[in-house]
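Q: Mind looking over this structure? Questions follow.
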Amino acid sequence: MTLDLAAIRAQFPILAEKIHGKRLAYLDNAATTQKPESVLRALDGYYRHANSNVHRAVHELAARATTQYEAARDRIAAFLKVTREEIVFTRGTTEGINLVARSFLQPRLQPGDEVLVSGMEHHSNIVPWQLAGAKVVAARVTDEGELDLDDWRAKLGPRTRLVAIVQVSNSLGTVNPVAEMIREAHARGVPVLVDGAQAVAHEAQDLRALGADFYACSAHKAYGPTGFGVLFARREHLEAMPPWHGGGDMIRTVAFEASTWNEVPYKFEAGTPDIAGAIGLAAALDWIESVGLDAIHAHESAVLDYATPRLAEIPGLRLIGTARHKVGVLSFVMDGAHAHDLGSILDQQGVAVRTGHHCTMPLMERFGIPATARASLAVYNGTDDIDQLVVALHTARRLFA
Ligand code: PMP
């Protein structure tokens, strides 16, 4: 099925913005995606017609807010194919991983215990394990930007307490073989956390079939609002884990001597939550399914296949990350140009890309570069965006030559 790109774009009002008088080619989707009308309407509608605090009142608005908020949990659980009790609402991928580090890993940790990651992790899948006191061991990344599975297997050892792996690399677009890795780690009795931040908007997920112990993702990378996300955790883990944040909603009883905890997942959700965030994510998932993840994936792959040779043939440009299995991320460096200068020149042409280390400093180190420029795709991108990028890159090349 081919997408009606014009109809899709018409649903994203921000795409009509003029940038420095130019048409906007928004190619910074790995940082955050734009939001369709239906998500904007859901956020607006919540504040206009249902705004109240959840769970703690009998009045009509509180009932509306609670119903919509808890319906969002059902919607999100159905999208990921798990049960609602296994869905913990968070501020995003980062908070989900920190929750697991603090509440699952830290109490089990002995000195010298390891968390096995890959060399292409986002900082949010490295630093929380360090803060918890674990030794972080990273499996090698090949020159193409693929995970060296033999090296990963060799490092999956007796001290490995947890495997934490990015499903799709934000810097390279590489899709890691997480299902296979989960099977192998489980065969050694090691639980697995998957960082799904860059996956949920691009490929359908069936977390029950995948078998991960933990899966973290962010709403804003999937057409939903910022500052909201989801941690999936298998119910037996959630039941066994202690709470990590204390406050309202996470308790059953409170006394000065001691308190008791609410049932899962509420035990992990202290304080007034981002109610609109949950409702906005549910609307975003409705929107994704109205287009269809198979159609989204096919379209983005076609644009990636169009873009890759066109970028590769620009003199002096080097693509970083050419894995066989990848999604729509094009990271590159250009001879004689600092990535930030390149990004500014592209911006003048209306092309929005991200430049920097993309919160993957060890990966940049691996490739011996300080930074890349990164164009990353979403469903509303087309070959015209790539053409605009290529023209802008030729302009940049002439300036740097
Ligand atoms: N992991 C990956 C792979 C990411 O791309 C990002 C966001 N750039 C994160 C984790 C962190 O997500 P958030 O900032 O929404 O918590």
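Just remember, in the structure tokens the first chain shown is A, the second B, etc., residues are 1-based per chain, and ligands are 1-based in the order shown.
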Could you list, as a PDB file with C-alpha atoms, in the first residue's frame, every residue within 10 Å of A:Ala276, counting only C-alpha atoms and ignoring same-chain residues fewer than 5 positions away?
A:
ATOM      1  CA  ALA A  42      -7.006  15.403  22.304  1.00  0.00           C
ATOM      2  CA  LEU A  43      -4.715  17.586  24.451  1.00  0.00           C
ATOM      3  CA  ASP A  44      -6.865  20.672  23.961  1.00  0.00           C
ATOM      4  CA  GLY A  45     -10.090  18.734  24.529  1.00  0.00           C
ATOM      5  CA  TYR A  46      -8.819  17.280  27.769  1.00  0.00           C
ATOM      6  CA  TYR A  47      -7.983  20.695  29.230  1.00  0.00           C
ATOM      7  CA  ALA A  50     -12.149  17.138  31.528  1.00  0.00           C
ATOM      8  CA  ASN A  51      -9.276  18.782  33.405  1.00  0.00           C
ATOM      9  CA  ALA A  65     -10.200  12.742  33.824  1.00  0.00           C
ATOM     10  CA  GLN A  68      -9.786   9.056  30.036  1.00  0.00           C
ATOM     11  CA  TYR A  69      -6.466   8.563  31.814  1.00  0.00           C
ATOM     12  CA  ALA A  72      -5.249   5.581  27.792  1.00  0.00           C
ATOM     13  CA  PRO A 225       3.478  14.871  23.596  1.00  0.00           C
ATOM     14  CA  PHE A 228       5.467  11.378  28.864  1.00  0.00           C
ATOM     15  CA  LEU A 281      -0.154   9.275  23.640  1.00  0.00           C
ATOM     16  CA  ALA A 282      -3.343   7.223  23.298  1.00  0.00           C
TER      17      ALA A 282
END
Q: Find the residues near A:Arg183: any atom within 12 Å, counting only C-alpha atoms, skip ones fewer than 6 places away on the same chain, and give them as a list in words.
A: Arg153, Val163, Pro177, Gly189, Val190, Pro191, Val192, Ala209, Leu210, Gly211, Ala212 and Asp213 of chain A
Q: Keeping only C-alpha atoms, take the residues you just selected and write them out as an mmCIF file, in the first residue's frame.
A:
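Result file is part.cif:
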data_model
loop_
_atom_site.group_PDB
_atom_site.id
_atom_site.type_symbol
_atom_site.label_atom_id
_atom_site.label_comp_id
_atom_site.auth_asym_id
_atom_site.auth_seq_id
_atom_site.Cartn_x
_atom_site.Cartn_y
_atom_site.Cartn_z
ATOM 1 C CA ARG A 153 27.942 -13.387 23.424
ATOM 2 C CA VAL A 163 21.292 -7.052 29.501
ATOM 3 C CA PRO A 177 18.259 -8.488 16.755
ATOM 4 C CA GLY A 189 19.128 -16.663 33.307
ATOM 5 C CA VAL A 190 19.812 -12.973 32.592
ATOM 6 C CA PRO A 191 16.879 -10.512 32.382
ATOM 7 C CA VAL A 192 16.714 -8.012 29.518
ATOM 8 C CA ALA A 209 6.000 -12.358 21.904
ATOM 9 C CA LEU A 210 9.281 -10.444 22.231
ATOM 10 C CA GLY A 211 9.686 -11.692 25.790
ATOM 11 C CA ALA A 212 11.635 -8.713 27.184
ATOM 12 C CA ASP A 213 11.524 -8.213 30.938
#
Q: Go through the chains and note each residue within 6 Å of ligand 1, using only C-alpha atoms and all ligand atoms, then give the set as a PDB file with N, CA and C atoms, in the first residue's frame.
A:
ATOM      1  N   ALA A  31      14.916  13.007  17.126  1.00  0.00           N
ATOM      2  CA  ALA A  31      14.921  13.846  18.335  1.00  0.00           C
ATOM      3  C   ALA A  31      13.499  13.983  18.863  1.00  0.00           C
ATOM      4  N   GLY A  92       9.246   9.383  30.374  1.00  0.00           N
ATOM      5  CA  GLY A  92       9.854   9.028  29.096  1.00  0.00           C
ATOM      6  C   GLY A  92      10.799   7.841  29.259  1.00  0.00           C
ATOM      7  N   THR A  93      11.484   7.521  28.187  1.00  0.00           N
ATOM      8  CA  THR A  93      12.408   6.392  28.191  1.00  0.00           C
ATOM      9  C   THR A  93      13.426   6.521  29.325  1.00  0.00           C
ATOM     10  N   THR A  94      13.966   7.716  29.463  1.00  0.00           N
ATOM     11  CA  THR A  94      15.011   7.951  30.470  1.00  0.00           C
ATOM     12  C   THR A  94      14.515   7.596  31.865  1.00  0.00           C
ATOM     13  N   HIS A 122      22.301   4.996  23.815  1.00  0.00           N
ATOM     14  CA  HIS A 122      22.033   6.371  24.244  1.00  0.00           C
ATOM     15  C   HIS A 122      22.526   6.508  25.689  1.00  0.00           C
ATOM     16  N   SER A 124      21.159   7.504  28.146  1.00  0.00           N
ATOM     17  CA  SER A 124      20.149   7.110  29.139  1.00  0.00           C
ATOM     18  C   SER A 124      20.086   5.598  29.315  1.00  0.00           C
ATOM     19  N   VAL A 166      19.584  -1.284  23.052  1.00  0.00           N
ATOM     20  CA  VAL A 166      18.752  -0.376  22.255  1.00  0.00           C
ATOM     21  C   VAL A 166      18.199  -1.173  21.062  1.00  0.00           C
ATOM     22  N   SER A 169      19.028   2.104  16.961  1.00  0.00           N
ATOM     23  CA  SER A 169      19.985   3.148  17.344  1.00  0.00           C
ATOM     24  C   SER A 169      19.539   4.516  16.834  1.00  0.00           C
ATOM     25  N   ASN A 170      19.515   5.503  17.731  1.00  0.00           N
ATOM     26  CA  ASN A 170      19.115   6.854  17.320  1.00  0.00           C
ATOM     27  C   ASN A 170      20.178   7.522  16.458  1.00  0.00           C
ATOM     28  N   ASP A 195      15.517  -0.762  25.141  1.00  0.00           N
ATOM     29  CA  ASP A 195      15.250   0.663  24.946  1.00  0.00           C
ATOM     30  C   ASP A 195      14.546   0.798  23.597  1.00  0.00           C
ATOM     31  N   ALA A 197      12.886   3.449  22.449  1.00  0.00           N
ATOM     32  CA  ALA A 197      12.572   4.853  22.125  1.00  0.00           C
ATOM     33  C   ALA A 197      12.434   5.097  20.626  1.00  0.00           C
ATOM     34  N   GLN A 198      13.333   4.499  19.843  1.00  0.00           N
ATOM     35  CA  GLN A 198      13.342   4.786  18.398  1.00  0.00           C
ATOM     36  C   GLN A 198      12.600   3.722  17.594  1.00  0.00           C
ATOM     37  N   SER A 218       9.138   6.508  24.728  1.00  0.00           N
ATOM     38  CA  SER A 218       8.709   7.900  24.950  1.00  0.00           C
ATOM     39  C   SER A 218       7.592   8.257  23.986  1.00  0.00           C
TER      40      SER A 218
END
Q: Which residue gives the smallest distance to A:Asp113 among A:Pro158, A:Gly382, A:Pro128, A:Gly96, with only C-alpha atoms counted?
A: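 Looking at the shortest contact to A:Asp113, the residue is A:Pro158.
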Q: If DSSP is run on the backbone, what residues of stretch 126-205 of chain A are strand (DSSP E)? A reply as a list in words would be ideal.
A: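 Here is the list: Lys135, Val136, Val137, Ala138, Ala139, Thr160, Arg161, Leu162, Val163, Ala164, Ile165, Val166, Val192, Leu193, Val194 and Asp195 of chain A.
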Q: Any chance you could export the current selection's N, CA, C and O atoms as a compact mmCIF listing (two decimals), in the first residue's frame?
A:
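result.txt was written with the following content:
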# COMPACT_ATOMS: atom_id res chain seq x y z
N LYS A 135 28.90 -2.18 36.93
CA LYS A 135 29.97 -2.00 35.95
C LYS A 135 29.31 -2.16 34.58
O LYS A 135 28.66 -3.18 34.32
N VAL A 136 29.48 -1.17 33.72
CA VAL A 136 28.85 -1.23 32.39
C VAL A 136 29.85 -1.81 31.40
O VAL A 136 30.96 -1.30 31.24
N VAL A 137 29.45 -2.91 30.77
CA VAL A 137 30.29 -3.58 29.77
C VAL A 137 29.59 -3.43 28.43
O VAL A 137 28.38 -3.67 28.32
N ALA A 138 30.35 -3.02 27.40
CA ALA A 138 29.71 -2.74 26.10
C ALA A 138 30.22 -3.68 25.02
O ALA A 138 31.43 -3.87 24.87
N ALA A 139 29.32 -4.25 24.25
CA ALA A 139 29.69 -5.09 23.12
C ALA A 139 30.06 -4.21 21.93
O ALA A 139 29.53 -3.11 21.75
N THR A 160 27.13 -10.93 34.56
CA THR A 160 26.09 -10.10 33.92
C THR A 160 24.78 -10.22 34.70
O THR A 160 24.16 -11.28 34.73
N ARG A 161 24.35 -9.13 35.31
CA ARG A 161 23.09 -9.12 36.08
C ARG A 161 21.91 -8.73 35.20
O ARG A 161 20.76 -9.05 35.49
N LEU A 162 22.21 -7.99 34.12
CA LEU A 162 21.14 -7.49 33.25
C LEU A 162 21.74 -7.21 31.88
O LEU A 162 22.88 -6.75 31.78
N VAL A 163 20.96 -7.50 30.86
CA VAL A 163 21.29 -7.05 29.50
C VAL A 163 20.40 -5.85 29.21
O VAL A 163 19.18 -5.91 29.45
N ALA A 164 21.00 -4.77 28.72
CA ALA A 164 20.22 -3.58 28.34
C ALA A 164 20.63 -3.24 26.91
O ALA A 164 21.81 -3.07 26.63
N ILE A 165 19.64 -3.19 26.03
CA ILE A 165 19.98 -3.05 24.61
C ILE A 165 19.02 -2.11 23.91
O ILE A 165 17.80 -2.16 24.14
N VAL A 166 19.58 -1.28 23.05
CA VAL A 166 18.75 -0.38 22.25
C VAL A 166 18.20 -1.17 21.06
O VAL A 166 18.92 -1.89 20.39
N VAL A 192 16.38 -8.95 30.60
CA VAL A 192 16.71 -8.01 29.52
C VAL A 192 15.81 -6.78 29.55
O VAL A 192 14.58 -6.91 29.63
N LEU A 193 16.43 -5.61 29.44
CA LEU A 193 15.70 -4.36 29.21
C LEU A 193 15.95 -3.92 27.77
O LEU A 193 17.09 -3.90 27.32
N VAL A 194 14.87 -3.57 27.09
CA VAL A 194 14.98 -3.06 25.72
C VAL A 194 14.62 -1.57 25.73
O VAL A 194 13.58 -1.18 26.27
N ASP A 195 15.52 -0.76 25.14
CA ASP A 195 15.25 0.66 24.95
C ASP A 195 14.55 0.80 23.60
O ASP A 195 15.18 0.71 22.54
Q: Got a sec to tell me which of stretch 124-159 of chain A DSSP assigns to helix (DSSP H, G or I), as a list in words?
A: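 Of stretch 124-159 of chain A, the ones in helix (DSSP H, G or I) are Ser124, Asn125, Val127, Pro128, Trp129, Gln130, Leu131, Leu149, Asp150, Asp151, Trp152, Arg153, Ala154 and Lys155 of chain A.
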Q: Using only C-alpha atoms for the distances, tell me which of A:Ala222, A:Met120, A:Ala401, A:Leu24 is nearest to A:Leu285.
A: A:Ala222
Q: Taking into account only C-alpha atoms, which residue in the set A:Gly173, A:Gly248, A:Pro273, A:Gly356 is nearest to A:Glu144?
A: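 Result for the nearest residue to A:Glu144: A:Gly173.
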Q: If you take only C-alpha atoms and a cut-off of 12 Å, which residues of stretch 112-230 of chain A touch stretch 313-335 of chain A, and what are their nearest atom pairs and distances in Å to one decimal, in chain and number order, as a tab-separated table?
A:
residue	atom	partner	partner_atom	distance
A:Met120	CA	A:Gly321	CA	10.6
A:Val141	CA	A:Gly321	CA	10.1
A:Thr142	CA	A:Ala323	CA	9.1
A:Asp143	CA	A:Gly321	CA	7.8
A:Glu144	CA	A:Thr322	CA	5.0
A:Gly145	CA	A:Gly321	CA	4.6
A:Glu146	CA	A:Ala323	CA	5.5
A:Leu147	CA	A:Ala323	CA	9.1
A:Asp148	CA	A:Ala323	CA	11.4
A:Gln167	CA	A:Lys326	CA	10.5
A:Val168	CA	A:Val327	CA	7.7
A:Ser169	CA	A:Lys326	CA	8.6
A:Asn170	CA	A:Val329	CA	7.4
A:Ser171	CA	A:Ser331	CA	6.6
A:Leu172	CA	A:Gly321	CA	4.7
A:Gly173	CA	A:Val329	CA	4.7
A:Thr174	CA	A:Lys326	CA	4.3
A:Val175	CA	A:Lys326	CA	5.1
A:Asn176	CA	A:His325	CA	7.9
A:Pro177	CA	A:His325	CA	9.2
A:Gln198	CA	A:Val327	CA	9.2
A:Ala199	CA	A:Val327	CA	8.8
A:Val200	CA	A:Val327	CA	11.6
A:Ala201	CA	A:Val327	CA	10.6
A:His202	CA	A:Val327	CA	7.6
A:Glu203	CA	A:Val327	CA	9.1
Q: Between atom CA of A:Asp249 and atom CA of A:Ala270, what is the distance, to one decimal in Å?
A: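 Those two atoms sit 5.5 Å apart.
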Q: Between A:Val100, A:Ile296, A:Ala57, A:Ala352, which is the closest to A:Phe214 once you count only C-alpha atoms?
A: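 Ranked by minimum distance to A:Phe214, first place goes to A:Val100.
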Q: Can you tell me, as a ChimeraX atom specification, what residues are no more than 9 Å from stretch 398-400 of chain A when counting only C-alpha atoms, ignoring any on the same chain fewer than 5 positions away?
A: /A:335-337,393
Q: Keeping all heavy atoms for every residue in the selection just given, could you write it to a file as a PDB file, in the first residue's frame?
A:
ATOM      1  N   ASP A 335      33.754  16.298   4.738  1.00  0.00           N
ATOM      2  CA  ASP A 335      35.148  16.767   4.808  1.00  0.00           C
ATOM      3  C   ASP A 335      35.200  18.275   4.997  1.00  0.00           C
ATOM      4  O   ASP A 335      34.513  19.012   4.283  1.00  0.00           O
ATOM      5  CB  ASP A 335      35.883  16.440   3.495  1.00  0.00           C
ATOM      6  CG  ASP A 335      36.215  14.955   3.391  1.00  0.00           C
ATOM      7  OD1 ASP A 335      36.070  14.255   4.407  1.00  0.00           O
ATOM      8  OD2 ASP A 335      36.599  14.526   2.283  1.00  0.00           O
ATOM      9  N   GLY A 336      36.006  18.703   5.940  1.00  0.00           N
ATOM     10  CA  GLY A 336      36.257  20.139   6.100  1.00  0.00           C
ATOM     11  C   GLY A 336      35.146  20.893   6.800  1.00  0.00           C
ATOM     12  O   GLY A 336      35.254  22.104   6.993  1.00  0.00           O
ATOM     13  N   ALA A 337      34.072  20.216   7.167  1.00  0.00           N
ATOM     14  CA  ALA A 337      32.940  20.920   7.775  1.00  0.00           C
ATOM     15  C   ALA A 337      32.687  20.384   9.175  1.00  0.00           C
ATOM     16  O   ALA A 337      32.595  19.168   9.372  1.00  0.00           O
ATOM     17  CB  ALA A 337      31.691  20.729   6.931  1.00  0.00           C
ATOM     18  N   LEU A 393      23.007  20.365   0.863  1.00  0.00           N
ATOM     19  CA  LEU A 393      24.340  19.795   1.125  1.00  0.00           C
ATOM     20  C   LEU A 393      25.330  20.217   0.043  1.00  0.00           C
ATOM     21  O   LEU A 393      26.506  20.467   0.330  1.00  0.00           O
ATOM     22  CB  LEU A 393      24.254  18.268   1.216  1.00  0.00           C
ATOM     23  CG  LEU A 393      23.676  17.735   2.532  1.00  0.00           C
ATOM     24  CD1 LEU A 393      23.403  16.232   2.443  1.00  0.00           C
ATOM     25  CD2 LEU A 393      24.638  18.014   3.695  1.00  0.00           C
TER      26      LEU A 393
END
Q: Write out as number ranges by chain the residues lying within 12 Å of A:Ala392, counting only C-alpha atoms and excluding same-chain residues fewer than 4 positions away.
A: A: 22, 25, 311, 314, 342-353, 385-388, 396-399
Q: Excluding stretch 250-252 of chain A and residues on its chain fewer than 3 positions from it, collect all residues at most 7 Å away from it, counting only C-alpha atoms, and give them as a count of residues only.
A: 10
Q: Set the distance at 8 Å and use only C-alpha atoms: which residues neighbour A:Ala233 once local chain neighbours fewer than 2 positions away are removed? I'd like the list as a list in words.
A: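 Within the cut-off, the hits are Glu86, Ile87, Val88, Asp213, Phe214, Tyr215, Leu231, Arg235, His237 and Leu238 of chain A.
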